[in-house]
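Just below is one structure, and these are the notes that go with it.
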Amino acid sequence: CGRPPLDSESRTREARARAEEALVRFALLAGGHTDEFVVIGGLNPEYLATDAPVSHQGTTDVDLLFAIGWDLAGAEHDFSWLDVALEKGDFTSENRWRWNATLGDARVRLEFLADVWDHTADTVSLPGSRTAVATKLAGPAAALVDPELRDLPVPPSVRAQFGVETDAVTLRFANLGGYLLGKAAAAQSRMLHKDKYDLMYVTLYNPGGAAGAATAVARQLGLAGDVADPGAIRAAIAKFVEPDGAWAGVFADTMVATGDTATEAQLRTDAAIGAQTFLEVLDASA
């Protein structure tokens, strides 16, 4: 089709639309098992940061977090349904946790993640699955707590392909506090520009602004208990406090690149003030 490979594809609005449609297709393949994972990745900012001056940069993949190991429910799990869904969707993988496929006209990368504290290997078995594993990522477990249900429309072409009449699929997405806690952990560990941008974008542009973000994080910390680390998000947000710092610069540069008409200096200042407000409110909530 002339498109670049997923590894080199830029985050764009078009890529995000394809990722969301592919998630809908995967949900249909998953059948009645959509309550066994939470969407924690780059599809979330669109829903959480509704007051942004420009649309979010987008995403090229879908991150799904599975509750296993130290999950709060303590339930037994059987992920054998994943094998069926991956086979029906013609997914392929070289490492068993990152899966690529073309579903209709939509290319998708699914990444299976788990936050398991008592496991030393890089990947975690998904009980019952012969083909899939989850990669271990420290920090996002709080996103499993009190997720938000979102209805995603099923396009007519997808309904026809799958032979279904449903207009929408309902999936669990990270709430504001859970998303920020998970994104802060990713920003600290992966050190990718996209994580820094996502973290501040949602912190500033959710309906409650930086203060609302801190309040949501404080609430999530209370709900999640020992599975959440308040130190990680404090450390990440603190890196935005200096307007001349690298993290504020990444946020400002990305905002300008995606069409924000504010100056780089103003965006750096916005990030710094937002970070300071966030930390003050979070500390007051402790």
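If you're wondering about the labels, chains in the structure tokens are A, B, ... by order shown, residues count from 1 in each chain, ligands from 1 in order shown.
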Problem set entry | All residues 12 Å or closer to Arg98 of chain A, only C-alpha atoms, same chain fewer than 5 positions away omitted, as JSON, numbers by chain | {"A": [6, 7, 61, 62, 63, 64, 86, 91, 92, 93, 108, 109, 110, 111, 112, 113, 123, 131, 132, 133, 134, 135]}
Exercise. If you run DSSP on this backbone, which residues of segment 14-213 of chain A come out as strand (DSSP E or B), and could you give them as a PyMOL selection string?
Worked result: chain A and resi 37-39+62-66+92+98-103+106-114+123-125+133-136+148-153+168-173
For this session: Would you list the contacts of segment 239-248 of chain A as a ChimeraX atom specification, taking every protein, DNA or RNA residue within 7 Å and counting only C-alpha atoms, but skipping same-chain residues closer than 5 positions in sequence?
Result: /A:196,268-269,271-273,275-276
For this session: Would you list, as a PyMOL selection string, the residues of segment 19-247 of chain A that end up in alpha helix (DSSP H) under DSSP run on this structure's backbone?
Result: chain A and resi 19-30+44-48+80-88+156-162+176-190+193-205+209-224+230-238+246-247
Problem set entry | Close residues, Asp51 of chain A itself excluded, 12 Å, only C-alpha atoms, min 3 positions apart in chain, as a PyMOL selection string | chain A and resi 45-48+54-56+201-210
Problem set entry | Contacts of Asp90 of chain A at 10 Å (only C-alpha atoms; same-chain gap of 3+ positions) as a ChimeraX atom specification | /A:84-87,99-103
Could you write out the selected residues, including N, CA, C and O atoms, as a PDB file, in the first residue's frame?
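So the final result, stored in again-v4.pdb, reads:
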ATOM      1  N   VAL A  84      -7.072 -17.477  19.847  1.00  0.00           N
ATOM      2  CA  VAL A  84      -8.098 -17.497  18.806  1.00  0.00           C
ATOM      3  C   VAL A  84      -8.184 -16.136  18.119  1.00  0.00           C
ATOM      4  O   VAL A  84      -8.233 -16.043  16.885  1.00  0.00           O
ATOM      5  N   ALA A  85      -8.199 -15.059  18.917  1.00  0.00           N
ATOM      6  CA  ALA A  85      -8.317 -13.716  18.348  1.00  0.00           C
ATOM      7  C   ALA A  85      -7.113 -13.372  17.475  1.00  0.00           C
ATOM      8  O   ALA A  85      -7.255 -12.800  16.384  1.00  0.00           O
ATOM      9  N   LEU A  86      -5.914 -13.710  17.932  1.00  0.00           N
ATOM     10  CA  LEU A  86      -4.706 -13.408  17.171  1.00  0.00           C
ATOM     11  C   LEU A  86      -4.658 -14.202  15.871  1.00  0.00           C
ATOM     12  O   LEU A  86      -4.236 -13.695  14.824  1.00  0.00           O
ATOM     13  N   GLU A  87      -5.112 -15.457  15.937  1.00  0.00           N
ATOM     14  CA  GLU A  87      -5.123 -16.282  14.718  1.00  0.00           C
ATOM     15  C   GLU A  87      -6.149 -15.768  13.712  1.00  0.00           C
ATOM     16  O   GLU A  87      -5.861 -15.631  12.515  1.00  0.00           O
ATOM     17  N   TRP A  99       2.362  -7.488  18.655  1.00  0.00           N
ATOM     18  CA  TRP A  99       1.726  -8.188  17.550  1.00  0.00           C
ATOM     19  C   TRP A  99       1.301  -7.203  16.469  1.00  0.00           C
ATOM     20  O   TRP A  99       0.696  -6.170  16.758  1.00  0.00           O
ATOM     21  N   ASN A 100       1.610  -7.526  15.231  1.00  0.00           N
ATOM     22  CA  ASN A 100       1.285  -6.669  14.097  1.00  0.00           C
ATOM     23  C   ASN A 100       0.298  -7.365  13.174  1.00  0.00           C
ATOM     24  O   ASN A 100       0.350  -8.587  12.990  1.00  0.00           O
ATOM     25  N   ALA A 101      -0.579  -6.580  12.587  1.00  0.00           N
ATOM     26  CA  ALA A 101      -1.536  -7.139  11.637  1.00  0.00           C
ATOM     27  C   ALA A 101      -2.097  -6.022  10.779  1.00  0.00           C
ATOM     28  O   ALA A 101      -1.994  -4.834  11.103  1.00  0.00           O
ATOM     29  N   THR A 102      -2.683  -6.412   9.672  1.00  0.00           N
ATOM     30  CA  THR A 102      -3.483  -5.501   8.864  1.00  0.00           C
ATOM     31  C   THR A 102      -4.914  -6.005   8.924  1.00  0.00           C
ATOM     32  O   THR A 102      -5.214  -7.111   8.454  1.00  0.00           O
ATOM     33  N   LEU A 103      -5.766  -5.227   9.545  1.00  0.00           N
ATOM     34  CA  LEU A 103      -7.165  -5.601   9.716  1.00  0.00           C
ATOM     35  C   LEU A 103      -7.993  -4.712   8.797  1.00  0.00           C
ATOM     36  O   LEU A 103      -8.192  -3.529   9.077  1.00  0.00           O
TER      37      LEU A 103
END
Which residues of segment 118-147 of chain A come within 10 Å of segment 185-188 of chain A, and for each one, what is the closest pair of atoms and their distance in Å to one decimal, counting only C-alpha atoms, sorted by chain and residue number, as a tab-separated table?
residue	atom	partner	partner_atom	distance
A:Leu137	CA	A:Ala186	CA	8.0
A:Ala138	CA	A:Ala185	CA	6.9
A:Gly139	CA	A:Ala185	CA	5.1
A:Pro140	CA	A:Ala185	CA	7.0
Exercise. Closest to Ala228 of chain A among A:Val158, A:Ser189, A:Glu264, A:Leu180, using only C-alpha atoms?
Worked result: A:Leu180
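The smallest atom-to-atom distance between Ala17 of chain A and any of A:Val217, A:Leu43, A:Ala257, A:Ala238, using only C-alpha atoms, is found for A:Leu43.
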For this session: Would you list the contacts of Asp283 of chain A as a PyMOL selection string, taking every protein, DNA or RNA residue within 10 Å and counting only C-alpha atoms, but skipping same-chain residues closer than 3 positions in sequence?
Result: chain A and resi 214+218+234+277-280+286
Problem set entry | Given only C-alpha atoms as the counted atoms, nearest of A:Ala142, A:Tyr197, A:Leu23, A:Ala114 to Gly225 of chain A | A:Ala142
Contact check, segment 188-265 of chain A to segment 33-41 of chain A, at most 12 Å, counting only C-alpha atoms, closest pairs as a tab-separated table:
residue	atom	partner	partner_atom	distance
A:Lys194	CA	A:Gly41	CA	11.1
A:Asp195	CA	A:Gly41	CA	9.8
A:Asp198	CA	A:Gly41	CA	9.7
A:Leu199	CA	A:Gly41	CA	11.2
For this session: Give me, please, the distance in Å between atom CA of Met200 of chain A and atom CA of Thr261 of chain A, quoted to one decimal.
Result: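 Atom CA of Met200 of chain A sits 17.3 Å away from atom CA of Thr261 of chain A.
Considering the residues A:Ser157, A:Thr263, A:Ser129, A:Asn175 and counting only C-alpha atoms, His77 of chain A has its shortest atom-to-atom contact with A:Ser129.
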